[in-house]
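Q: I am sharing work-v9.tsv, which consists of TSV, C-alpha atoms (C1' of nucleotides):
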chain	number	residue	atom	x	y	z
E	1	MET	CA	0.00	0.00	0.00
E	2	PRO	CA	1.69	3.18	-1.13
E	3	ASP	CA	2.26	6.27	0.96
E	4	TYR	CA	-0.51	7.91	-0.98
E	5	VAL	CA	-3.13	6.61	1.44
E	6	GLN	CA	-1.02	7.53	4.42
E	7	GLU	CA	-0.85	11.04	3.06
E	8	ARG	CA	-4.40	11.49	1.97
E	9	GLY	CA	-6.40	9.05	4.07
E	10	ALA	CA	-9.88	8.29	2.81
E	11	ALA	CA	-9.52	11.22	0.44
E	12	ALA	CA	-7.08	9.07	-1.50
E	13	PHE	CA	-10.11	7.34	-2.88
E	14	GLY	CA	-12.85	9.88	-2.99
E	15	THR	CA	-11.88	12.26	-5.76
E	16	ARG	CA	-10.29	9.63	-7.92
E	17	LEU	CA	-13.21	7.24	-7.74
E	18	ARG	CA	-15.62	10.01	-8.52
E	19	ARG	CA	-13.53	11.15	-11.43
E	20	LEU	CA	-13.15	7.71	-12.92
E	21	SER	CA	-16.90	7.29	-12.70
E	22	GLU	CA	-17.57	10.62	-14.33
E	23	ARG	CA	-15.03	10.07	-17.03
E	24	LEU	CA	-16.62	6.79	-18.06
E	25	ASP	CA	-20.03	8.44	-18.09
E	26	ARG	CA	-18.75	11.26	-20.26
E	27	ASP	CA	-17.24	8.84	-22.74
E	28	VAL	CA	-20.44	6.85	-22.98
E	29	GLN	CA	-22.41	10.04	-23.45
E	30	ALA	CA	-20.09	11.09	-26.25
E	31	ILE	CA	-20.58	7.70	-27.88
E	32	TYR	CA	-24.36	8.09	-27.78
E	33	ARG	CA	-24.22	11.60	-29.10
E	34	GLU	CA	-21.91	10.79	-31.97
E	35	ARG	CA	-24.11	7.96	-33.09
E	36	ALA	CA	-27.32	9.99	-32.81
E	37	ALA	CA	-28.55	7.36	-30.40
E	38	ALA	CA	-31.00	9.72	-28.61
E	39	PHE	CA	-30.21	8.13	-25.27
E	40	GLU	CA	-28.67	9.19	-21.91
E	41	PRO	CA	-26.24	7.16	-19.82
E	42	ARG	CA	-28.31	7.65	-16.70
E	43	TRP	CA	-31.29	5.89	-18.34
E	44	PHE	CA	-29.28	2.73	-18.92
E	45	PRO	CA	-29.73	0.98	-15.55
E	46	ILE	CA	-33.51	1.44	-15.57
E	47	VAL	CA	-34.09	0.60	-19.22
E	48	THR	CA	-31.89	-2.47	-19.17
E	49	SER	CA	-33.37	-3.63	-15.89
E	50	LEU	CA	-36.91	-3.35	-17.26
E	51	ASP	CA	-35.82	-5.03	-20.47
E	52	ALA	CA	-34.19	-7.92	-18.67
E	53	HIS	CA	-36.55	-8.38	-15.74
E	54	GLY	CA	-39.86	-6.94	-16.88
E	55	ALA	CA	-42.18	-4.61	-15.02
E	56	GLN	CA	-40.99	-3.41	-11.61
E	57	THR	CA	-42.05	-0.93	-8.96
E	58	VAL	CA	-40.17	2.21	-8.01
E	59	GLY	CA	-38.86	0.50	-4.90
E	60	ASP	CA	-37.76	-2.58	-6.83
E	61	LEU	CA	-35.81	-0.46	-9.27
E	62	ALA	CA	-34.27	1.65	-6.52
E	63	ASP	CA	-33.01	-1.48	-4.78
E	64	ARG	CA	-31.83	-3.13	-7.97
E	65	ILE	CA	-29.86	-0.24	-9.37
E	66	GLY	CA	-28.77	1.08	-6.00
E	67	VAL	CA	-30.16	4.63	-5.89
E	68	SER	CA	-32.86	6.36	-3.85
E	69	HIS	CA	-36.53	5.99	-4.70
E	70	ALA	CA	-36.66	9.72	-5.36
E	71	ALA	CA	-34.00	9.37	-8.07
E	72	VAL	CA	-35.99	6.57	-9.68
E	73	SER	CA	-39.13	8.67	-9.45
E	74	GLN	CA	-37.42	11.53	-11.24
E	75	LEU	CA	-35.98	9.29	-13.91
E	76	ARG	CA	-39.33	7.61	-14.42
E	77	ALA	CA	-40.95	10.96	-15.10
E	78	GLU	CA	-38.27	11.68	-17.66
E	79	LEU	CA	-38.55	8.29	-19.36
E	80	VAL	CA	-42.35	8.58	-19.50
E	81	ALA	CA	-41.94	11.95	-21.18
E	82	GLU	CA	-39.58	10.30	-23.68
E	83	GLY	CA	-42.14	7.59	-24.34
E	84	LEU	CA	-39.78	4.82	-23.28
E	85	VAL	CA	-41.74	3.63	-20.24
E	86	GLN	CA	-45.30	3.62	-18.96
E	87	THR	CA	-46.91	2.91	-15.62
E	88	ARG	CA	-49.94	0.90	-14.57
E	89	PRO	CA	-51.51	0.53	-11.14
E	90	ASP	CA	-50.92	-2.47	-8.92
E	91	ALA	CA	-54.11	-4.48	-8.50
E	92	ALA	CA	-53.51	-5.23	-4.83
E	93	ASP	CA	-51.87	-2.13	-3.39
E	94	GLN	CA	-52.99	1.39	-4.21
E	95	ARG	CA	-49.71	2.97	-3.20
E	96	ARG	CA	-47.77	0.95	-5.72
E	97	PHE	CA	-47.55	0.91	-9.48
E	98	TRP	CA	-45.67	-1.00	-12.10
E	99	ILE	CA	-43.17	0.54	-14.45
E	100	GLU	CA	-42.59	-1.16	-17.78
E	101	LEU	CA	-41.11	-0.48	-21.20
E	102	THR	CA	-43.43	0.81	-23.90
E	103	PRO	CA	-43.21	-0.84	-27.32
E	104	SER	CA	-41.00	2.10	-28.27
E	105	GLY	CA	-38.86	1.49	-25.21
E	106	LYS	CA	-38.46	-2.13	-26.21
E	107	ARG	CA	-37.48	-1.09	-29.72
E	108	THR	CA	-34.94	1.34	-28.29
E	109	ALA	CA	-33.41	-1.40	-26.15
E	110	ALA	CA	-33.18	-3.68	-29.17
E	111	ARG	CA	-31.67	-0.90	-31.27
E	112	LEU	CA	-29.00	-0.11	-28.70
E	113	LYS	CA	-28.19	-3.62	-27.51
E	114	PRO	CA	-25.33	-4.10	-29.97
E	115	LEU	CA	-23.78	-0.84	-28.76
E	116	TRP	CA	-24.22	-1.81	-25.13
E	117	ASP	CA	-22.57	-5.11	-25.84
E	118	ALA	CA	-19.67	-3.32	-27.51
E	119	ILE	CA	-19.28	-1.02	-24.52
E	120	ALA	CA	-19.38	-3.97	-22.16
E	121	GLN	CA	-16.78	-5.77	-24.20
E	122	ALA	CA	-14.49	-2.76	-24.37
E	123	THR	CA	-14.81	-2.27	-20.63
E	124	SER	CA	-14.16	-5.92	-19.95
E	125	LEU	CA	-11.09	-5.88	-22.18
E	126	LEU	CA	-9.86	-2.70	-20.51
E	127	CYS	CA	-10.10	-4.35	-17.14
E	128	SER	CA	-8.43	-7.52	-18.32
E	129	GLU	CA	-5.49	-5.55	-19.67
E	130	ALA	CA	-5.03	-2.91	-17.03
E	131	ALA	CA	-6.69	-4.02	-13.83
E	132	PRO	CA	-7.79	-7.64	-13.83
E	133	ARG	CA	-8.54	-7.66	-10.13
E	134	PHE	CA	-10.18	-4.30	-9.90
E	135	LEU	CA	-13.76	-5.40	-9.58
E	136	ALA	CA	-12.92	-8.22	-7.25
E	137	GLU	CA	-11.04	-5.82	-5.00
E	138	LEU	CA	-13.85	-3.27	-5.23
E	139	GLU	CA	-16.29	-5.92	-4.14
E	140	ARG	CA	-14.12	-6.98	-1.25
E	141	LEU	CA	-13.77	-3.36	-0.16
E	142	GLU	CA	-17.52	-2.89	-0.24
E	143	ARG	CA	-18.04	-6.04	1.75
E	144	ALA	CA	-15.40	-5.15	4.31
E	145	LEU	CA	-17.11	-1.78	4.79
E	146	ASP	CA	-20.51	-3.46	5.05
E	147	GLU	CA	-19.19	-5.57	7.89
E	148	ARG	CA	-17.34	-2.79	9.59
E	149	PRO	CA	-17.75	0.81	8.42
E	150	LEU	CA	-14.79	3.14	8.29
E	151	LYS	CA	-16.16	5.09	11.20
E	152	ASP	CA	-16.06	2.04	13.46
E	153	ARG	CA	-12.52	1.33	12.36
E	154	VAL	CA	-11.41	4.85	13.20
E	155	ASP	CA	-13.28	4.84	16.51
E	156	ALA	CA	-11.49	1.64	17.49
E	157	THR	CA	-8.01	3.10	17.04
E	158	PHE	CA	-8.64	6.73	17.88
E	159	GLY	CA	-10.93	6.30	20.87
E	160	ALA	CA	-14.59	6.55	20.25
E	161	ARG	CA	-15.93	10.04	20.68
E	162	ALA	CA	-12.74	11.74	21.84
E	163	LYS	CA	-13.54	15.38	21.19
E	164	LEU	CA	-11.56	17.69	18.97
E	165	ARG	CA	-13.31	20.94	19.54
E	166	PRO	CA	-11.87	24.20	18.29
E	167	ALA	CA	-10.72	26.58	21.01
E	168	LYS	CA	-13.41	29.15	21.78
E	169	GLY	CA	-13.72	31.75	19.07
E	170	ALA	CA	-10.64	30.49	17.26
E	171	THR	CA	-12.36	29.22	14.11
E	172	HIS	CA	-14.11	32.44	13.34
E	173	GLU	CA	-11.18	34.77	13.16
E	174	ARG	CA	-11.48	37.01	10.14
E	175	THR	CA	-8.69	38.22	7.91
H	176	MET	CA	-13.41	-10.71	-14.74
H	177	PRO	CA	-16.91	-11.64	-13.64
H	178	ASP	CA	-20.00	-11.52	-15.83
H	179	TYR	CA	-21.02	-8.39	-14.00
H	180	VAL	CA	-19.18	-6.21	-16.49
H	181	GLN	CA	-20.51	-8.13	-19.45
H	182	GLU	CA	-23.99	-7.56	-18.09
H	183	ARG	CA	-23.69	-3.95	-17.11
H	184	GLY	CA	-20.85	-2.57	-19.21
H	185	ALA	CA	-19.34	0.69	-18.08
H	186	ALA	CA	-22.26	1.10	-15.72
H	187	ALA	CA	-20.73	-1.72	-13.72
H	188	PHE	CA	-18.31	0.81	-12.41
H	189	GLY	CA	-20.14	4.06	-12.36
H	190	THR	CA	-22.68	3.64	-9.63
H	191	ARG	CA	-20.49	1.50	-7.45
H	192	LEU	CA	-17.51	3.81	-7.62
H	193	ARG	CA	-19.65	6.80	-6.86
H	194	ARG	CA	-21.26	5.01	-3.97
H	195	LEU	CA	-18.01	3.87	-2.44
H	196	SER	CA	-16.75	7.42	-2.64
H	197	GLU	CA	-19.87	8.86	-1.06
H	198	ARG	CA	-19.95	6.26	1.62
H	199	LEU	CA	-16.42	7.06	2.73
H	200	ASP	CA	-17.24	10.77	2.72
H	201	ARG	CA	-20.31	10.18	4.83
H	202	ASP	CA	-18.34	8.16	7.37
H	203	VAL	CA	-15.69	10.83	7.64
H	204	GLN	CA	-18.36	13.48	8.04
H	205	ALA	CA	-19.98	11.45	10.82
H	206	ILE	CA	-16.59	11.17	12.53
H	207	TYR	CA	-16.11	14.95	12.40
H	208	ARG	CA	-19.61	15.60	13.65
H	209	GLU	CA	-19.40	13.20	16.55
H	210	ARG	CA	-16.16	14.72	17.69
H	211	ALA	CA	-17.39	18.28	17.40
H	212	ALA	CA	-14.51	18.88	15.02
H	213	ALA	CA	-16.19	21.80	13.16
H	214	PHE	CA	-14.74	20.64	9.87
H	215	GLU	CA	-16.03	19.38	6.50
H	216	PRO	CA	-14.59	16.51	4.46
H	217	ARG	CA	-14.48	18.61	1.32
H	218	TRP	CA	-12.14	21.13	3.00
H	219	PHE	CA	-9.55	18.45	3.67
H	220	PRO	CA	-7.67	18.45	0.33
H	221	ILE	CA	-7.21	22.23	0.34
H	222	VAL	CA	-6.36	22.64	4.01
H	223	THR	CA	-3.88	19.76	4.04
H	224	SER	CA	-2.33	20.93	0.81
H	225	LEU	CA	-1.82	24.43	2.14
H	226	ASP	CA	-0.51	23.03	5.40
H	227	ALA	CA	1.96	20.74	3.67
H	228	HIS	CA	3.04	22.91	0.76
H	229	GLY	CA	2.36	26.47	1.85
H	230	ALA	CA	0.67	29.24	-0.08
H	231	GLN	CA	-0.68	28.33	-3.51
H	232	THR	CA	-2.78	29.90	-6.25
H	233	VAL	CA	-6.27	28.80	-7.26
H	234	GLY	CA	-4.84	27.10	-10.30
H	235	ASP	CA	-2.12	25.32	-8.30
H	236	LEU	CA	-4.71	23.96	-5.91
H	237	ALA	CA	-7.05	22.94	-8.70
H	238	ASP	CA	-4.25	20.97	-10.34
H	239	ARG	CA	-3.00	19.48	-7.12
H	240	ILE	CA	-6.31	18.23	-5.80
H	241	GLY	CA	-7.77	17.47	-9.18
H	242	VAL	CA	-10.88	19.63	-9.40
H	243	SER	CA	-11.87	22.61	-11.51
H	244	HIS	CA	-10.68	26.10	-10.67
H	245	ALA	CA	-14.29	27.09	-10.12
H	246	ALA	CA	-14.64	24.47	-7.39
H	247	VAL	CA	-11.48	25.78	-5.70
H	248	SER	CA	-12.79	29.31	-6.00
H	249	GLN	CA	-16.01	28.36	-4.28
H	250	LEU	CA	-14.25	26.44	-1.54
H	251	ARG	CA	-11.84	29.30	-0.99
H	252	ALA	CA	-14.73	31.66	-0.42
H	253	GLU	CA	-16.13	29.26	2.12
H	254	LEU	CA	-12.82	28.76	3.92
H	255	VAL	CA	-12.23	32.50	4.04
H	256	ALA	CA	-15.65	32.91	5.62
H	257	GLU	CA	-14.65	30.26	8.18
H	258	GLY	CA	-11.43	32.12	8.92
H	259	LEU	CA	-9.26	29.17	7.94
H	260	VAL	CA	-7.57	30.78	4.92
H	261	GLN	CA	-6.69	34.21	3.63
H	262	THR	CA	-5.53	35.59	0.32
H	263	ARG	CA	-2.82	38.04	-0.70
H	264	PRO	CA	-2.00	39.42	-4.11
H	265	ASP	CA	0.85	38.13	-6.28
H	266	ALA	CA	3.59	40.73	-6.67
H	267	ALA	CA	4.28	39.93	-10.32
H	268	ASP	CA	0.89	39.04	-11.81
H	269	GLN	CA	-2.25	40.99	-11.06
H	270	ARG	CA	-4.55	38.22	-12.13
H	271	ARG	CA	-3.12	35.86	-9.56
H	272	PHE	CA	-3.27	35.69	-5.78
H	273	TRP	CA	-1.93	33.44	-3.09
H	274	ILE	CA	-4.07	31.39	-0.78
H	275	GLU	CA	-2.65	30.47	2.60
H	276	LEU	CA	-3.74	29.23	5.99
H	277	THR	CA	-4.53	31.79	8.66
H	278	PRO	CA	-3.07	31.23	12.13
H	279	SER	CA	-6.47	29.77	13.01
H	280	GLY	CA	-6.27	27.55	9.95
H	281	LYS	CA	-2.87	26.31	11.07
H	282	ARG	CA	-4.20	25.62	14.54
H	283	THR	CA	-7.13	23.71	13.03
H	284	ALA	CA	-4.76	21.59	10.99
H	285	ALA	CA	-2.66	20.84	14.06
H	286	ARG	CA	-5.77	20.03	16.09
H	287	LEU	CA	-7.09	17.60	13.50
H	288	LYS	CA	-3.82	16.00	12.41
H	289	PRO	CA	-4.08	13.12	14.88
H	290	LEU	CA	-7.57	12.36	13.60
H	291	TRP	CA	-6.44	12.54	10.00
H	292	ASP	CA	-3.62	10.18	10.77
H	293	ALA	CA	-6.07	7.77	12.40
H	294	ILE	CA	-8.35	7.92	9.36
H	295	ALA	CA	-5.38	7.34	7.06
H	296	GLN	CA	-4.25	4.40	9.12
H	297	ALA	CA	-7.72	2.87	9.24
H	298	THR	CA	-8.04	3.28	5.49
H	299	SER	CA	-4.63	1.83	4.87
H	300	LEU	CA	-5.39	-1.16	7.08
H	301	LEU	CA	-8.76	-1.62	5.37
H	302	CYS	CA	-7.03	-1.78	2.03
H	303	SER	CA	-4.33	-4.12	3.24
H	304	GLU	CA	-6.93	-6.53	4.55
H	305	ALA	CA	-9.57	-6.37	1.88
H	306	ALA	CA	-8.05	-5.01	-1.30
H	307	PRO	CA	-4.29	-4.75	-1.26
H	308	ARG	CA	-4.04	-4.03	-4.96
H	309	PHE	CA	-6.97	-1.70	-5.25
H	310	LEU	CA	-5.08	1.55	-5.59
H	311	ALA	CA	-2.49	0.08	-7.90
H	312	GLU	CA	-5.24	-1.23	-10.15
H	313	LEU	CA	-7.13	2.06	-9.97
H	314	GLU	CA	-3.98	3.83	-11.06
H	315	ARG	CA	-3.43	1.46	-13.94
H	316	LEU	CA	-7.02	1.89	-15.05
H	317	GLU	CA	-6.65	5.65	-15.01
H	318	ARG	CA	-3.46	5.42	-17.00
H	319	ALA	CA	-4.91	3.02	-19.54
H	320	LEU	CA	-7.81	5.42	-20.06
H	321	ASP	CA	-5.43	8.37	-20.35
H	322	GLU	CA	-3.67	6.55	-23.15
H	323	ARG	CA	-6.80	5.36	-24.86
H	324	PRO	CA	-10.21	6.59	-23.73
H	325	LEU	CA	-13.15	4.22	-23.54
H	326	LYS	CA	-14.73	5.95	-26.49
H	327	ASP	CA	-11.78	5.12	-28.74
H	328	ARG	CA	-11.89	1.54	-27.57
H	329	VAL	CA	-15.58	1.22	-28.40
H	330	ASP	CA	-15.15	2.98	-31.73
H	331	ALA	CA	-12.45	0.50	-32.68
H	332	THR	CA	-14.64	-2.56	-32.16
H	333	PHE	CA	-18.04	-1.17	-33.04
H	334	GLY	CA	-17.11	0.89	-36.06
H	335	ALA	CA	-16.54	4.55	-35.52
H	336	ARG	CA	-19.62	6.63	-36.03
H	337	ALA	CA	-22.00	3.86	-37.10
H	338	LYS	CA	-25.36	5.46	-36.50
H	339	LEU	CA	-28.06	4.13	-34.26
H	340	ARG	CA	-30.83	6.56	-34.93
H	341	PRO	CA	-34.31	5.92	-33.67
H	342	ALA	CA	-36.86	5.26	-36.36
H	343	LYS	CA	-38.77	8.44	-37.23
H	344	GLY	CA	-41.26	9.38	-34.54
H	345	ALA	CA	-40.69	6.14	-32.65
H	346	THR	CA	-39.13	7.64	-29.52
H	347	HIS	CA	-41.87	10.10	-28.85
H	348	GLU	CA	-44.79	7.80	-28.63
H	349	ARG	CA	-46.94	8.71	-25.64
H	350	THR	CA	-48.72	6.28	-23.39
F	351	DT	C1'	5.26	48.40	-30.64
F	352	DC	C1'	0.81	46.60	-30.94
F	353	DC	C1'	-2.46	43.23	-31.76
F	354	DT	C1'	-3.79	38.50	-30.99
F	355	DT	C1'	-3.76	34.61	-28.21
F	356	DT	C1'	-3.36	32.57	-23.84
F	357	DT	C1'	-3.96	32.52	-18.98
F	358	DA	C1'	-5.96	33.40	-14.11
F	359	DT	C1'	-9.93	33.57	-11.61
F	360	DG	C1'	-14.82	35.07	-10.49
F	361	DT	C1'	-19.82	34.20	-11.15
F	362	DA	C1'	-23.86	31.95	-13.10
F	363	DA	C1'	-26.37	28.15	-14.41
F	364	DG	C1'	-26.80	23.25	-14.82
F	365	DC	C1'	-26.51	18.33	-13.40
F	366	DT	C1'	-27.83	14.19	-11.02
F	367	DC	C1'	-28.14	12.59	-7.39
F	368	DT	C1'	-29.37	13.03	-2.10
F	369	DT	C1'	-32.22	13.98	2.17
F	370	DA	C1'	-36.39	15.97	3.98
F	371	DC	C1'	-41.07	16.32	4.04
F	372	DG	C1'	-45.65	14.98	2.96
F	373	DC	C1'	-49.73	12.13	2.05
F	374	DA	C1'	-52.13	7.96	1.54
F	375	DT	C1'	-52.31	3.13	2.06
F	376	DT	C1'	-51.21	-1.12	4.24
F	377	DT	C1'	-49.68	-3.92	8.02
F	378	DC	C1'	-49.15	-4.99	12.71
F	379	DC	C1'	-50.40	-5.76	17.35
F	380	DG	C1'	-52.69	-4.98	21.82
A	381	DC	C1'	-61.39	-3.79	15.98
A	382	DG	C1'	-58.83	0.37	15.91
A	383	DG	C1'	-54.87	3.00	16.49
A	384	DA	C1'	-49.94	3.14	15.75
A	385	DA	C1'	-46.21	1.99	12.93
A	386	DA	C1'	-44.40	0.88	8.58
A	387	DT	C1'	-44.38	1.30	3.67
A	388	DG	C1'	-44.71	3.28	-1.25
A	389	DC	C1'	-43.93	7.05	-3.90
A	390	DG	C1'	-44.27	12.12	-5.21
A	391	DT	C1'	-42.26	16.77	-4.66
A	392	DA	C1'	-39.12	20.26	-2.86
A	393	DA	C1'	-34.83	21.84	-1.60
A	394	DG	C1'	-30.01	21.13	-1.19
A	395	DA	C1'	-25.18	19.44	-2.31
A	396	DG	C1'	-20.85	19.81	-4.55
A	397	DC	C1'	-19.16	19.58	-8.24
A	398	DT	C1'	-19.09	20.80	-13.54
A	399	DT	C1'	-19.26	23.73	-17.87
A	400	DA	C1'	-20.18	28.22	-19.75
A	401	DC	C1'	-19.42	32.85	-19.82
A	402	DA	C1'	-17.00	36.96	-18.65
A	403	DT	C1'	-13.24	40.22	-17.58
A	404	DA	C1'	-8.65	41.59	-17.05
A	405	DA	C1'	-3.85	40.72	-17.28
A	406	DA	C1'	0.11	38.58	-19.32
A	407	DA	C1'	2.63	36.41	-23.07
A	408	DG	C1'	3.83	35.86	-27.78
A	409	DG	C1'	4.96	37.12	-32.32
A	410	DA	C1'	4.91	39.91	-36.58
Please render this file's structure as structure tokens.
A:
Amino acid sequence: MPDYVQERGAAAFGTRLRRLSERLDRDVQAIYRERAAAFEPRWFPIVTSLDAHGAQTVGDLADRIGVSHAAVSQLRAELVAEGLVQTRPDAADQRRFWIELTPSGKRTAARLKPLWDAIAQATSLLCSEAAPRFLAELERLERALDERPLKDRVDATFGARAKLRPAKGATHERT
Amino acid sequence: MPDYVQERGAAAFGTRLRRLSERLDRDVQAIYRERAAAFEPRWFPIVTSLDAHGAQTVGDLADRIGVSHAAVSQLRAELVAEGLVQTRPDAADQRRFWIELTPSGKRTAARLKPLWDAIAQATSLLCSEAAPRFLAELERLERALDERPLKDRVDATFGARAKLRPAKGATHERT
DNA sequence: TCCTTTTATGTAAGCTCTTACGCATTTCCG
DNA sequence: CGGAAATGCGTAAGAGCTTACATAAAAGGA
């Protein structure tokens, strides 16, 4: 483990992970744009999930793709406006409704599938070449944090709840 | 490389990377809050950089911590309001000014250094246990993408600029 | 020397999610 | 059975960055 983590702590990860994520999104967006695909990267998880698994509720989708229900709700509104998805009420529960692809949404998924496959392949190849263990290590990191969050780890070595208050008035000194 | 990438493509990374990043940030924020530290995770890169390397310009900081100058500008305003940093003009270039820690900023850094070290140690240990190659692989991924962006990789296999237009009118069908 | 191009940084607007709040429905349990 | 707690999802506001736009100063080159 390089000195980089010792120097930057958790911040060693934060910015870089965010930037890698954003960079990949930007590239995918550029690919869509260049090919006049009329599609947005952020629609991908929902559209492919509906395509693969059929109708789902807001909560199902939120769990499956790992975002808040509010984010799914907002995306749903957008996808309905685009004509890619529609909703229908649940027969047994009036709070709930089902989100599914429209015929147009299904056609869009079929149209873009070859491109998605190409992106998946390119990504897979990239990983094989440059970072064959990356996803495995990512998964192990996630699991380790599930079992014991960073905060608990710090509390154990630093002394839970030891205070680090600023001296009175010291933080609000003006230049 | 698991089937996860083949199934999700670039999206395999995006959400998970973002979530790991956010999760670490949230933990660090909870640590600060619990210890009445009066500090924000997003201040860390700037404050530690100034503490370690002395006065720097907006552009220097943007380069060093890897964000846009506008983000540094906004953070600087916030840190000035908190009394942690101050600015002074550059003698040779009127467009430029130097950002440095105030005495209070220096005291804050000294106060929090033990906590930062504990966080760094916990993070380092976490990586050693769960994902010893994670950062090395992250770095290699970044470098591979620097050399050849994902878009170029997809273009090479899929055929640059092959169009994937929706059929006329098909995407705007309303439910 | 003088004009064009580049550079430094501020501000505004946008993005894509989050949390907070709210309402209605359903489930649970005394 | 009935009230309290939990659940499902919409909307509003906020977060923390980005890109876009703008202005002024500096650098470069004819």
Q: Please determine the residues with any atom at most 8 Å from (-8.9, 0.2, -14.2) (coordinates as given in the file, with all atoms listed in the file counting) and report them as an mmCIF file with C-alpha atoms, keeping the file's coordinate frame.
A:
data_model
loop_
_atom_site.group_PDB
_atom_site.id
_atom_site.type_symbol
_atom_site.label_atom_id
_atom_site.label_comp_id
_atom_site.auth_asym_id
_atom_site.auth_seq_id
_atom_site.Cartn_x
_atom_site.Cartn_y
_atom_site.Cartn_z
ATOM 1 C CA LEU E 126 -9.860 -2.700 -20.510
ATOM 2 C CA CYS E 127 -10.100 -4.350 -17.140
ATOM 3 C CA ALA E 130 -5.030 -2.910 -17.030
ATOM 4 C CA ALA E 131 -6.690 -4.020 -13.830
ATOM 5 C CA PRO E 132 -7.790 -7.640 -13.830
ATOM 6 C CA PHE E 134 -10.180 -4.300 -9.900
ATOM 7 C CA GLU H 312 -5.240 -1.230 -10.150
ATOM 8 C CA LEU H 313 -7.130 2.060 -9.970
ATOM 9 C CA GLU H 314 -3.980 3.830 -11.060
ATOM 10 C CA ARG H 315 -3.430 1.460 -13.940
ATOM 11 C CA LEU H 316 -7.020 1.890 -15.050
ATOM 12 C CA GLU H 317 -6.650 5.650 -15.010
ATOM 13 C CA ALA H 319 -4.910 3.020 -19.540
ATOM 14 C CA LEU H 320 -7.810 5.420 -20.060
#
Q: Could you tell me which of E:Ala92, E:Ala38, E:Ala70, E:Leu61 comes closest to chain H if we count only C-alpha atoms?
A: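 Nearest candidate to chain H out of E:Ala92, E:Ala38, E:Ala70, E:Leu61: E:Ala38.
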Q: For DC401 (chain A), list every protein, DNA or RNA residue within 12 Å, evaluated using all atoms listed in the file, and leave out those in the same chain fewer than 4 positions away; present the list as a PyMOL selection string.
A: chain F and resi 360-363
Q: Do you have the CA of Arg18 (chain E)-CA of Ser128 (chain E) distance handy?
A: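 Calculated distance between CA of Arg18 (chain E) and CA of Ser128 (chain E) is 21.3 Å.
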Q: Show me which bits of chain A are within 8 Å of chain H, counting only C-alpha atoms (C1' of nucleotides), as a list in words.
A: DC397, DT398, DA404, DA405 and DA406 of chain A
Q: Env of Arg19 (chain E): 10 Å cut, atoms = all atoms listed in the file, seq-sep filter 2 positions within chain, self excluded. Answer as a ChimeraX atom specification.
A: /E:13-17,21-25 /H:189,192-193,241-242,317
Q: Would you fill out region 28-39 of chain E with N, CA and C atoms and return it as a PDB file, keeping the file's coordinate frame?
A:
ATOM      1  N   VAL E  28     -19.249   7.544 -22.486  1.00  0.00           N
ATOM      2  CA  VAL E  28     -20.440   6.850 -22.980  1.00  0.00           C
ATOM      3  C   VAL E  28     -21.430   7.860 -23.579  1.00  0.00           C
ATOM      4  N   GLN E  29     -21.531   8.996 -22.912  1.00  0.00           N
ATOM      5  CA  GLN E  29     -22.410  10.040 -23.450  1.00  0.00           C
ATOM      6  C   GLN E  29     -21.938  10.533 -24.817  1.00  0.00           C
ATOM      7  N   ALA E  30     -20.638  10.671 -24.952  1.00  0.00           N
ATOM      8  CA  ALA E  30     -20.090  11.090 -26.250  1.00  0.00           C
ATOM      9  C   ALA E  30     -20.363  10.043 -27.319  1.00  0.00           C
ATOM     10  N   ILE E  31     -20.290   8.795 -26.939  1.00  0.00           N
ATOM     11  CA  ILE E  31     -20.580   7.700 -27.880  1.00  0.00           C
ATOM     12  C   ILE E  31     -22.029   7.786 -28.364  1.00  0.00           C
ATOM     13  N   TYR E  32     -22.943   7.972 -27.409  1.00  0.00           N
ATOM     14  CA  TYR E  32     -24.360   8.090 -27.780  1.00  0.00           C
ATOM     15  C   TYR E  32     -24.593   9.272 -28.706  1.00  0.00           C
ATOM     16  N   ARG E  33     -23.987  10.367 -28.343  1.00  0.00           N
ATOM     17  CA  ARG E  33     -24.220  11.600 -29.100  1.00  0.00           C
ATOM     18  C   ARG E  33     -23.725  11.466 -30.545  1.00  0.00           C
ATOM     19  N   GLU E  34     -22.535  10.929 -30.655  1.00  0.00           N
ATOM     20  CA  GLU E  34     -21.910  10.790 -31.970  1.00  0.00           C
ATOM     21  C   GLU E  34     -22.702   9.862 -32.881  1.00  0.00           C
ATOM     22  N   ARG E  35     -23.378   8.940 -32.306  1.00  0.00           N
ATOM     23  CA  ARG E  35     -24.110   7.960 -33.090  1.00  0.00           C
ATOM     24  C   ARG E  35     -25.601   8.295 -33.170  1.00  0.00           C
ATOM     25  N   ALA E  36     -25.920   9.540 -32.762  1.00  0.00           N
ATOM     26  CA  ALA E  36     -27.320   9.990 -32.810  1.00  0.00           C
ATOM     27  C   ALA E  36     -28.250   8.963 -32.177  1.00  0.00           C
ATOM     28  N   ALA E  37     -27.797   8.439 -31.019  1.00  0.00           N
ATOM     29  CA  ALA E  37     -28.550   7.360 -30.400  1.00  0.00           C
ATOM     30  C   ALA E  37     -29.798   7.860 -29.674  1.00  0.00           C
ATOM     31  N   ALA E  38     -29.870   9.145 -29.337  1.00  0.00           N
ATOM     32  CA  ALA E  38     -31.000   9.720 -28.610  1.00  0.00           C
ATOM     33  C   ALA E  38     -31.231   8.976 -27.293  1.00  0.00           C
ATOM     34  N   PHE E  39     -30.159   8.869 -26.533  1.00  0.00           N
ATOM     35  CA  PHE E  39     -30.210   8.130 -25.270  1.00  0.00           C
ATOM     36  C   PHE E  39     -29.244   8.760 -24.282  1.00  0.00           C
TER      37      PHE E  39
END
